[in-house]
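Asker: I am sharing target-v1.csv, which consists of CSV, C-alpha atoms and all ligand atoms:
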chain,number,residue,atom,x,y,z
P,1,MET,CA,0.0,0.0,0.0
P,2,ALA,CA,1.3,3.4,-0.9
P,3,GLY,CA,0.6,4.8,2.5
P,4,ASP,CA,2.9,2.3,4.2
P,5,ARG,CA,5.8,2.8,1.9
P,6,LEU,CA,9.2,4.1,3.1
P,7,THR,CA,11.2,5.7,0.3
P,8,LEU,CA,14.7,6.9,0.3
P,9,VAL,CA,15.7,9.9,-1.9
P,10,THR,CA,19.4,10.8,-2.2
P,11,GLY,CA,19.9,14.3,-3.3
P,12,GLY,CA,16.5,15.0,-1.8
P,13,ALA,CA,17.2,18.7,-1.1
P,14,GLY,CA,18.2,19.3,-4.7
P,15,PHE,CA,16.2,20.7,-7.5
P,16,ILE,CA,14.7,17.5,-8.9
P,17,GLY,CA,15.0,15.6,-5.5
P,18,SER,CA,12.9,18.2,-3.6
P,19,HIS,CA,10.1,18.0,-6.2
P,20,LEU,CA,10.2,14.3,-6.0
P,21,VAL,CA,10.0,14.2,-2.2
P,22,GLU,CA,7.0,16.4,-2.4
P,23,ARG,CA,5.4,14.2,-4.9
P,24,LEU,CA,6.1,11.0,-2.9
P,25,VAL,CA,4.8,12.5,0.3
P,26,ARG,CA,1.6,13.6,-1.5
P,27,ARG,CA,0.9,10.0,-2.5
P,28,GLY,CA,1.4,8.9,1.1
P,29,ASP,CA,5.0,7.7,1.3
P,30,ARG,CA,7.2,8.3,4.3
P,31,VAL,CA,10.4,9.7,2.9
P,32,VAL,CA,14.0,9.7,4.1
P,33,ALA,CA,15.9,12.4,2.2
P,34,ILE,CA,19.7,12.3,2.2
P,35,ASP,CA,21.6,15.3,1.1
P,36,ASN,CA,25.0,16.9,1.9
P,37,LEU,CA,23.7,20.3,0.8
P,38,SER,CA,26.6,20.8,-1.6
P,39,THR,CA,24.3,22.2,-4.3
P,40,GLY,CA,20.9,21.5,-2.7
P,41,ARG,CA,19.2,23.6,-0.1
P,42,ARG,CA,17.3,22.5,3.1
P,43,SER,CA,14.7,25.2,2.4
P,44,ASN,CA,13.7,23.4,-0.8
P,45,LEU,CA,11.9,20.9,1.5
P,46,ASN,CA,10.1,23.6,3.6
P,47,GLY,CA,6.8,22.8,1.9
P,48,VAL,CA,6.9,19.1,2.8
P,49,ASP,CA,4.7,17.7,5.7
P,50,PRO,CA,7.4,17.2,8.4
P,51,SER,CA,5.6,14.2,9.9
P,52,ARG,CA,6.2,12.3,6.7
P,53,LEU,CA,9.8,13.4,6.1
P,54,THR,CA,13.1,12.6,7.8
P,55,PHE,CA,15.9,14.7,6.4
P,56,ILE,CA,19.5,13.5,7.0
P,57,GLU,CA,22.4,15.8,6.1
P,58,GLY,CA,25.4,13.9,5.0
P,59,THR,CA,26.9,12.1,2.1
P,60,VAL,CA,25.1,9.0,0.8
P,61,SER,CA,27.9,6.5,1.6
P,62,GLU,CA,28.1,7.7,5.2
P,63,VAL,CA,24.4,8.0,5.9
P,64,VAL,CA,23.3,4.6,4.4
P,65,GLN,CA,25.4,2.8,7.0
P,66,SER,CA,23.0,3.9,9.7
P,67,VAL,CA,19.8,2.9,7.7
P,68,ASP,CA,18.3,-0.6,7.8
P,69,PRO,CA,18.0,-1.6,4.2
P,70,SER,CA,15.2,-4.2,4.9
P,71,GLY,CA,12.8,-1.4,5.9
P,72,VAL,CA,13.1,0.6,2.7
P,73,ASP,CA,10.7,-0.1,-0.2
P,74,GLY,CA,12.2,2.1,-2.9
P,75,ILE,CA,15.2,4.3,-3.6
P,76,TYR,CA,15.7,7.2,-5.9
P,77,HIS,CA,19.4,8.0,-6.3
P,78,LEU,CA,19.7,11.6,-7.5
P,79,ALA,CA,22.7,12.7,-5.5
P,80,ALA,CA,25.5,13.7,-7.8
P,81,ALA,CA,27.9,16.4,-8.7
P,82,VAL,CA,25.8,17.9,-11.5
P,83,GLY,CA,26.6,19.7,-14.6
P,84,VAL,CA,29.5,20.3,-17.0
P,85,ARG,CA,30.6,23.6,-15.4
P,86,LEU,CA,31.1,21.9,-12.0
P,87,VAL,CA,33.1,19.0,-13.6
P,88,ILE,CA,35.4,21.5,-15.3
P,89,LYS,CA,35.9,23.3,-12.0
P,90,LYS,CA,36.1,20.3,-9.7
P,91,PRO,CA,36.9,17.2,-11.8
P,92,ILE,CA,38.2,15.0,-8.9
P,93,GLY,CA,35.2,15.7,-6.7
P,94,THR,CA,32.8,15.1,-9.5
P,95,ILE,CA,34.2,11.8,-10.6
P,96,GLU,CA,34.6,10.5,-7.0
P,97,THR,CA,31.1,11.6,-6.0
P,98,ASN,CA,29.4,10.3,-9.1
P,99,VAL,CA,31.0,6.9,-9.1
P,100,GLY,CA,31.6,6.3,-5.3
P,101,GLU,CA,28.2,7.5,-4.1
P,102,THR,CA,26.3,5.6,-6.7
P,103,SER,CA,28.3,2.5,-5.8
P,104,ALA,CA,27.3,3.0,-2.2
P,105,ALA,CA,23.6,3.5,-3.1
P,106,LEU,CA,23.6,0.3,-5.2
P,107,GLU,CA,25.3,-1.7,-2.5
P,108,PHE,CA,22.6,-0.5,-0.1
P,109,ALA,CA,19.9,-1.5,-2.6
P,110,ALA,CA,21.5,-4.9,-3.1
P,111,ALA,CA,21.5,-5.6,0.6
P,112,GLY,CA,17.7,-5.4,0.7
P,113,ARG,CA,17.0,-6.2,-3.0
P,114,THR,CA,15.3,-2.9,-3.0
P,115,PRO,CA,14.1,-1.3,-6.3
P,116,ILE,CA,16.3,1.6,-7.1
P,117,LEU,CA,16.2,4.4,-9.8
P,118,ILE,CA,19.5,5.8,-10.9
P,119,ALA,CA,19.5,9.4,-12.3
P,120,SER,CA,21.6,9.5,-15.4
P,121,THR,CA,22.0,12.1,-18.0
P,122,SER,CA,21.7,12.8,-21.8
P,123,GLU,CA,25.5,13.7,-21.5
P,124,VAL,CA,26.0,9.9,-21.6
P,125,TYR,CA,25.4,10.1,-25.4
P,126,GLY,CA,28.6,12.1,-25.6
P,127,LYS,CA,29.2,13.5,-29.1
P,128,SER,CA,26.8,11.2,-30.8
P,129,GLU,CA,25.3,12.8,-33.9
P,130,ARG,CA,22.6,10.3,-34.3
P,131,ILE,CA,19.5,12.3,-33.6
P,132,PRO,CA,17.2,11.5,-31.8
P,133,PHE,CA,19.3,9.6,-29.1
P,134,ALA,CA,18.0,6.1,-28.4
P,135,GLU,CA,18.9,4.3,-25.2
P,136,TYR,CA,20.8,1.4,-26.8
P,137,ASP,CA,22.7,3.4,-29.5
P,138,ASP,CA,26.5,3.6,-29.5
P,139,VAL,CA,28.0,6.5,-27.7
P,140,VAL,CA,31.1,8.7,-28.7
P,141,TYR,CA,33.2,10.6,-26.2
P,142,GLY,CA,36.0,13.2,-26.4
P,143,PRO,CA,39.4,12.4,-24.9
P,144,PRO,CA,40.1,12.3,-21.2
P,145,SER,CA,42.4,15.3,-21.7
P,146,GLN,CA,39.1,17.3,-21.9
P,147,PRO,CA,37.6,17.3,-18.3
P,148,ARG,CA,34.1,18.0,-19.6
P,149,TRP,CA,33.8,14.3,-20.7
P,150,ALA,CA,34.4,13.1,-17.1
P,151,TYR,CA,30.8,13.9,-16.2
P,152,ALA,CA,29.4,11.8,-19.1
P,153,CYS,CA,31.9,9.0,-18.3
P,154,SER,CA,31.2,9.0,-14.6
P,155,LYS,CA,27.4,8.7,-15.3
P,156,ALA,CA,28.1,6.0,-17.9
P,157,ILE,CA,30.0,4.0,-15.2
P,158,ASP,CA,27.0,4.5,-12.9
P,159,GLU,CA,24.8,2.9,-15.5
P,160,PHE,CA,27.3,0.0,-16.0
P,161,LEU,CA,27.3,-0.6,-12.2
P,162,ALA,CA,23.5,-0.4,-12.0
P,163,LEU,CA,23.0,-2.9,-14.8
P,164,ALA,CA,25.6,-5.2,-13.3
P,165,HIS,CA,23.8,-5.1,-9.9
P,166,HIS,CA,20.6,-6.0,-11.8
P,167,ARG,CA,22.3,-9.0,-13.6
P,168,GLU,CA,24.6,-10.2,-10.8
P,169,ASN,CA,22.5,-9.5,-7.7
P,170,GLY,CA,18.9,-9.4,-9.1
P,171,VAL,CA,18.5,-5.8,-7.9
P,172,PRO,CA,15.5,-4.1,-9.6
P,173,VAL,CA,17.3,-1.2,-11.2
P,174,VAL,CA,15.9,1.5,-13.5
P,175,VAL,CA,18.2,4.0,-15.2
P,176,ALA,CA,16.6,7.3,-16.1
P,177,ARG,CA,18.6,9.5,-18.5
P,178,PHE,CA,17.4,13.1,-18.0
P,179,PHE,CA,17.3,15.6,-20.8
P,180,ASN,CA,17.4,19.2,-19.5
P,181,ILE,CA,14.9,19.1,-16.7
P,182,VAL,CA,13.8,22.6,-15.7
P,183,GLY,CA,11.5,24.4,-13.4
P,184,PRO,CA,11.1,26.3,-10.1
P,185,ARG,CA,14.0,26.0,-7.6
P,186,GLN,CA,16.6,25.3,-10.3
P,187,VAL,CA,19.6,27.6,-9.9
P,188,GLY,CA,21.8,29.0,-12.7
P,189,GLU,CA,25.1,29.2,-10.8
P,190,TYR,CA,26.2,25.7,-11.9
P,191,GLY,CA,25.7,26.5,-15.5
P,192,MET,CA,22.1,25.4,-16.2
P,193,VAL,CA,20.9,27.4,-19.1
P,194,LEU,CA,17.2,28.2,-18.4
P,195,PRO,CA,17.6,29.5,-14.8
P,196,ARG,CA,20.7,31.4,-15.9
P,197,PHE,CA,18.7,33.1,-18.6
P,198,VAL,CA,15.7,33.8,-16.3
P,199,ALA,CA,18.0,35.3,-13.6
P,200,SER,CA,19.6,37.6,-16.1
P,201,ALA,CA,16.3,38.6,-17.6
P,202,LEU,CA,14.9,39.4,-14.2
P,203,ALA,CA,18.0,41.4,-13.2
P,204,GLY,CA,18.1,43.3,-16.5
P,205,ASP,CA,21.6,41.9,-17.1
P,206,PRO,CA,22.7,40.7,-20.6
P,207,ILE,CA,21.3,37.2,-21.4
P,208,GLU,CA,24.5,35.4,-22.5
P,209,VAL,CA,24.1,32.8,-25.2
P,210,TYR,CA,27.2,30.6,-25.7
P,211,GLY,CA,28.3,30.0,-29.2
P,212,ASP,CA,26.1,31.1,-32.1
P,213,GLY,CA,22.8,30.1,-30.4
P,214,ALA,CA,21.9,27.7,-33.2
P,215,GLN,CA,22.5,24.6,-30.9
P,216,THR,CA,19.2,22.9,-30.0
P,217,ARG,CA,18.0,21.3,-26.8
P,218,CYS,CA,14.7,19.9,-25.4
P,219,PHE,CA,13.3,21.1,-22.0
P,220,CYS,CA,10.9,19.3,-19.7
P,221,ASP,CA,9.3,20.6,-16.6
P,222,VAL,CA,10.4,18.9,-13.3
P,223,ARG,CA,6.8,18.6,-12.2
P,224,ASP,CA,6.1,16.4,-15.2
P,225,VAL,CA,9.2,14.3,-14.5
P,226,VAL,CA,8.5,13.6,-10.9
P,227,ASP,CA,5.0,12.3,-11.8
P,228,LEU,CA,6.8,9.8,-14.1
P,229,LEU,CA,9.7,8.5,-12.0
P,230,PRO,CA,7.5,6.5,-9.5
P,231,ARG,CA,5.7,4.9,-12.4
P,232,LEU,CA,9.1,3.7,-13.8
P,233,LEU,CA,10.4,2.5,-10.4
P,234,ASP,CA,7.1,0.8,-9.4
P,235,ASP,CA,6.6,-1.2,-12.6
P,236,PRO,CA,8.6,-4.4,-12.4
P,237,ARG,CA,8.7,-4.6,-16.2
P,238,CYS,CA,11.0,-1.6,-16.2
P,239,ALA,CA,13.7,-3.2,-14.1
P,240,GLY,CA,17.0,-3.6,-15.8
P,241,GLY,CA,16.0,-1.0,-18.4
P,242,ILE,CA,17.4,2.4,-19.5
P,243,PHE,CA,14.9,5.1,-20.3
P,244,ASN,CA,15.3,8.6,-21.8
P,245,VAL,CA,13.3,11.0,-19.7
P,246,GLY,CA,12.4,14.5,-21.0
P,247,ARG,CA,10.5,16.0,-23.9
P,248,ASP,CA,11.4,15.8,-27.5
P,249,GLU,CA,10.4,19.3,-28.9
P,250,LEU,CA,13.7,21.0,-29.9
P,251,ILE,CA,14.3,24.7,-29.4
P,252,GLU,CA,17.4,26.7,-30.5
P,253,ILE,CA,19.2,28.2,-27.5
P,254,GLY,CA,19.1,31.7,-29.2
P,255,GLU,CA,15.4,31.2,-29.5
P,256,LEU,CA,15.1,30.2,-25.9
P,257,ALA,CA,16.8,33.4,-24.9
P,258,ARG,CA,14.2,35.4,-26.9
P,259,LEU,CA,11.4,33.4,-25.4
P,260,VAL,CA,12.6,34.1,-21.8
P,261,LYS,CA,13.1,37.8,-22.6
P,262,ASP,CA,9.6,38.1,-24.2
P,263,THR,CA,7.8,36.0,-21.6
P,264,LEU,CA,9.2,38.0,-18.7
P,265,GLY,CA,8.9,41.4,-20.5
P,266,SER,CA,12.6,42.0,-19.9
P,267,ARG,CA,14.8,44.7,-21.4
P,268,SER,CA,17.9,42.6,-21.1
P,269,PRO,CA,20.1,42.5,-24.3
P,270,ILE,CA,20.9,39.1,-25.7
P,271,VAL,CA,24.6,38.7,-26.3
P,272,ARG,CA,26.7,36.0,-27.7
P,273,VAL,CA,29.7,34.6,-25.8
P,274,PRO,CA,32.2,32.3,-27.4
P,275,TYR,CA,32.5,28.8,-25.9
P,276,ASP,CA,36.2,29.4,-25.1
P,277,GLN,CA,35.4,32.4,-23.1
P,278,ALA,CA,32.6,30.6,-21.2
P,279,PHE,CA,34.3,27.3,-20.5
P,280,GLY,CA,38.0,27.7,-21.4
P,281,PRO,CA,39.9,26.6,-24.4
P,282,GLY,CA,39.0,23.6,-26.5
P,283,PHE,CA,35.4,23.2,-25.1
P,284,ASP,CA,33.4,20.7,-27.1
P,285,ASP,CA,29.6,21.3,-27.3
P,286,LEU,CA,27.0,19.4,-29.1
P,287,MET,CA,24.8,21.0,-31.7
P,288,HIS,CA,21.7,19.0,-31.1
P,289,ARG,CA,20.3,16.8,-28.3
P,290,GLN,CA,16.9,15.1,-28.6
P,291,PRO,CA,15.6,12.0,-26.8
P,292,ASP,CA,13.9,9.2,-28.6
P,293,LEU,CA,10.9,8.7,-26.2
P,294,THR,CA,9.6,5.5,-27.8
P,295,ARG,CA,10.7,3.3,-24.9
P,296,LEU,CA,9.4,5.6,-22.3
P,297,ARG,CA,6.0,6.0,-24.0
P,298,ALA,CA,5.7,2.3,-24.5
P,299,ALA,CA,6.6,1.5,-20.8
P,300,VAL,CA,4.6,4.0,-18.8
P,301,GLY,CA,3.2,6.6,-21.3
P,302,PHE,CA,4.0,10.3,-21.0
P,303,ALA,CA,1.7,13.2,-21.4
P,304,PRO,CA,3.5,16.3,-20.0
P,305,LYS,CA,1.3,19.1,-18.8
P,306,PHE,CA,3.6,22.1,-18.4
P,307,SER,CA,4.5,24.3,-21.5
P,308,LEU,CA,7.9,26.0,-21.6
P,309,VAL,CA,6.3,29.4,-21.2
P,310,GLN,CA,4.6,28.2,-18.0
P,311,THR,CA,7.9,26.8,-16.7
P,312,ILE,CA,9.7,30.1,-17.4
P,313,ARG,CA,6.9,32.1,-15.6
P,314,ASP,CA,7.0,29.7,-12.6
P,315,LEU,CA,10.8,29.6,-12.4
P,316,ALA,CA,10.8,33.4,-12.5
P,317,ALA,CA,8.1,33.7,-9.8
P,318,ALA,CA,9.8,31.2,-7.6
P,319,SER,CA,13.1,33.1,-7.8
P,320,GLY,CA,11.4,35.7,-5.6
P,321,GLU,CA,12.2,38.6,-7.9
P,322,SER,CA,9.5,40.6,-9.5
P,323,VAL,CA,9.8,41.2,-13.2
P,324,GLN,CA,8.3,44.6,-12.6
P,325,ARG,CA,11.1,45.5,-10.2
P,326,SER,CA,13.8,44.6,-12.8
P,327,VAL,CA,12.1,46.5,-15.5
P,328,GLU,CA,11.7,49.5,-13.3
P,329,SER,CA,15.4,49.4,-12.3
P,330,THR,CA,16.4,49.7,-16.0
P,331,ILE,CA,14.2,52.8,-16.6
I,401,LIG,N1,18.5,18.9,-14.0
I,401,LIG,C1,18.8,18.3,-15.1
I,401,LIG,O1,18.5,18.8,-16.2
I,401,LIG,C2,19.5,17.0,-15.1
I,401,LIG,C3,20.0,16.5,-16.4
I,401,LIG,C4,20.6,15.3,-16.4
I,401,LIG,C5,20.8,14.6,-15.2
I,401,LIG,N2,20.4,15.1,-14.0
I,401,LIG,C6,20.7,14.3,-12.8
I,401,LIG,O2,19.6,14.4,-11.9
I,401,LIG,C7,20.1,14.4,-10.6
I,401,LIG,C8,19.6,15.5,-9.8
I,401,LIG,O3,20.1,16.7,-10.4
I,401,LIG,P1,19.5,18.2,-10.1
I,401,LIG,O4,19.3,18.9,-11.4
I,401,LIG,O5,18.3,18.1,-9.2
I,401,LIG,O6,20.7,18.9,-9.4
I,401,LIG,P2,21.0,19.3,-7.9
I,401,LIG,O7,22.4,19.8,-7.8
I,401,LIG,O8,20.0,20.3,-7.4
I,401,LIG,O9,20.8,17.9,-7.1
I,401,LIG,C9,21.8,17.1,-6.7
I,401,LIG,C10,21.7,17.0,-5.2
I,401,LIG,O10,22.6,16.0,-4.7
I,401,LIG,C11,23.2,16.5,-3.5
I,401,LIG,N3,24.5,15.8,-3.4
I,401,LIG,C12,25.6,16.0,-4.2
I,401,LIG,N4,26.6,15.1,-3.8
I,401,LIG,C13,26.1,14.4,-2.7
I,401,LIG,C14,26.6,13.4,-1.9
I,401,LIG,N5,27.8,12.9,-2.0
I,401,LIG,N6,25.8,12.9,-0.9
I,401,LIG,C15,24.5,13.4,-0.7
I,401,LIG,N7,24.0,14.4,-1.5
I,401,LIG,C16,24.8,14.9,-2.5
I,401,LIG,C17,23.3,18.0,-3.7
I,401,LIG,O11,23.5,18.8,-2.6
I,401,LIG,C18,22.0,18.3,-4.4
I,401,LIG,O12,21.0,18.6,-3.5
I,401,LIG,C19,21.6,14.3,-10.7
I,401,LIG,O13,22.0,12.9,-10.6
I,401,LIG,C20,21.9,14.8,-12.1
I,401,LIG,O14,23.1,14.2,-12.6
I,401,LIG,C21,19.8,16.3,-14.0
What does this structure look like when you write it as structure tokens?
Answerer:
Amino acid sequence: MAGDRLTLVTGGAGFIGSHLVERLVRRGDRVVAIDNLSTGRRSNLNGVDPSRLTFIEGTVSEVVQSVDPSGVDGIYHLAAAVGVRLVIKKPIGTIETNVGETSAALEFAAAGRTPILIASTSEVYGKSERIPFAEYDDVVYGPPSQPRWAYACSKAIDEFLALAHHRENGVPVVVARFFNIVGPRQVGEYGMVLPRFVASALAGDPIEVYGDGAQTRCFCDVRDVVDLLPRLLDDPRCAGGIFNVGRDELIEIGELARLVKDTLGSRSPIVRVPYDQAFGPGFDDLMHRQPDLTRLRAAVGFAPKFSLVQTIRDLAAASGESVQRSVESTI
């Protein structure tokens, strides 16, 4: 019964994690959220019924040692060093966190044969030019001399480990490859494009588009995603599978900047910044990223409700700044 379920969410105070915790508590789960607050915030969980939530501050590998695996019904492993900007700044920490903490989460799941969902990323597709990206396609990476590929490779190792636990230990594992999940509470300081654009638009600062802006991405609202994740984890037919998670409508990044500016009525100029200047010399970006959602739709269906314009409005509203104020400050 949903009401009796005890669910563990690592990275539970993060952007996606906090929305997921809210969603799980709403359906009646008791939730243990683990987070070391490296990029997450305790305040992200302020809206959650405290009688259903236990928050434990710490790293996954330390905290799980004090939790009895037999009492846990499901695990969502979202804790990670997230994003390409962070991996360029802190490559050792990113690699060690993403591999070591996932290994700890999987060992914990194996001890109780507990279903576990592993958060992976579209970065795993690397430089593949085969659009749309399908889960069992080959992947292509740049060389280890370019730190940005460490994020993709660390997440790919997570996937190998997860599937190995499924095969060797019979752990019900689901891998979810996220494609640009966006929405309220996401912050731009670690390089995520939409919150960065929204923050600039609200502040009246230049909206910086890296490269020529013709690169395309797909964006999906976090509230649509957290409705989907429990369906993937709870369906035994999904165990051992990899699923792209996101939307498949492409938008050019230059177009996204204009959409943010128009939606928020901002007077910010849109400026182009060369990749070298944004990320350092030799940065490799991908022109297009689009998920093939055939497997996801066939497994659990997917009917997202939030438009990109709605997401932009809600992200701006949640950032606590008034558009009016930013417009006035530029007059
Ligand atoms: N947001 C996206 O578009 C996106 C895209 C692809 C993949 N993902 C994946 O989704 C997951 C969640 O990402 P997010 O966007 O919510 O980012 P986030 O930074 O808000 O969430 C990660 C959370 O993990 C916590 N954390 C980091 N290391 C930890 C550790 N060792 N122990 C405990 N907690 C730790 C952070 O404090 C943070 O709260 C990550 O695994 C990320 O790789 C996200």
Asker: For a test of reading the model, state the distance in Å between CA of Ala239 (chain P) and CA of Ala111 (chain P), rounded to one decimal.
Answerer: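 Atom-to-atom, CA of Ala239 (chain P) and CA of Ala111 (chain P) are spaced 16.8 Å apart.
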Asker: Please identify every polymer residue within 8 Å of ligand LIG 401 (chain I), using all atoms listed in the file, and present the set as a PyMOL selection string.
Answerer: chain P and resi 10-18+34-41+57-61+77-83+97-98+101+118-123+155+177-182+186-187+192
Asker: Excluding Phe108 (chain P) and any residue of its chain fewer than 3 positions from it, enumerate the residues within 12 Å of it, using all atoms listed in the file, and give them as a PyMOL selection string.
Answerer: chain P and resi 8+10+60-77+101-105+111-116+162+165+169+171
Asker: What's around region 48-54 of chain P at 7 Å? Count all atoms listed in the file, leave out sequence neighbours fewer than 2 positions away in its own chain, and write the answer as a PyMOL selection string.
Answerer: chain P and resi 22+25+30-33+45-46+56
Asker: With C-alpha atoms retained, export the selected residues as a CSV table (one decimal), keeping the file's coordinate frame.
Answerer:
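See again38.csv below for the written result:
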chain,number,residue,atom,x,y,z
P,22,GLU,CA,7.0,16.4,-2.4
P,25,VAL,CA,4.8,12.5,0.3
P,30,ARG,CA,7.2,8.3,4.3
P,31,VAL,CA,10.4,9.7,2.9
P,32,VAL,CA,14.0,9.7,4.1
P,33,ALA,CA,15.9,12.4,2.2
P,45,LEU,CA,11.9,20.9,1.5
P,46,ASN,CA,10.1,23.6,3.6
P,56,ILE,CA,19.5,13.5,7.0
Asker: Find the residue from P:Pro132, P:Pro304, P:Pro184, P:Gly265 that sits nearest to Arg247 (chain P); use all atoms listed in the file when measuring.
Answerer: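 Between P:Pro132, P:Pro304, P:Pro184, P:Gly265, the residue approaching Arg247 (chain P) most closely is P:Pro304.
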Asker: One decimal, Å: what's the distance from CA of Ala176 (chain P) over to CA of Phe243 (chain P), could you say?
Answerer: 5.0 Å
Asker: Give me, please, the distance in Å between CA of Leu20 (chain P) and CA of Phe306 (chain P), quoted to one decimal.
Answerer: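 Distance between the two atoms: 16.1 Å.
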Asker: Select, from P:Val225, P:Leu256, P:Ile270, P:Leu24, the residue with the minimum atom-to-atom distance to Ala303 (chain P), counting all atoms listed in the file.
Answerer: P:Val225
Asker: Under the rule that all atoms listed in the file are counted, which of P:Val209, P:Ala316, P:Ile242, P:Leu308 is the nearest residue to His166 (chain P)?
Answerer: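 Counting all atoms listed in the file, the residue closest to His166 (chain P) is P:Ile242.
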Asker: Of the residues P:Ile207, P:Ala299, P:Leu233, P:Val124, which is the one nearest to Val273 (chain P), using only C-alpha atoms?
Answerer: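 Checking each of P:Ile207, P:Ala299, P:Leu233, P:Val124 against Val273 (chain P), counting only C-alpha atoms, the winner is P:Ile207.
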Asker: Between P:Lys305, P:Arg167, P:Arg5, P:His288, which residue has the minimum interatomic distance to Asp227 (chain P), considering all atoms listed in the file?
Answerer: P:Lys305
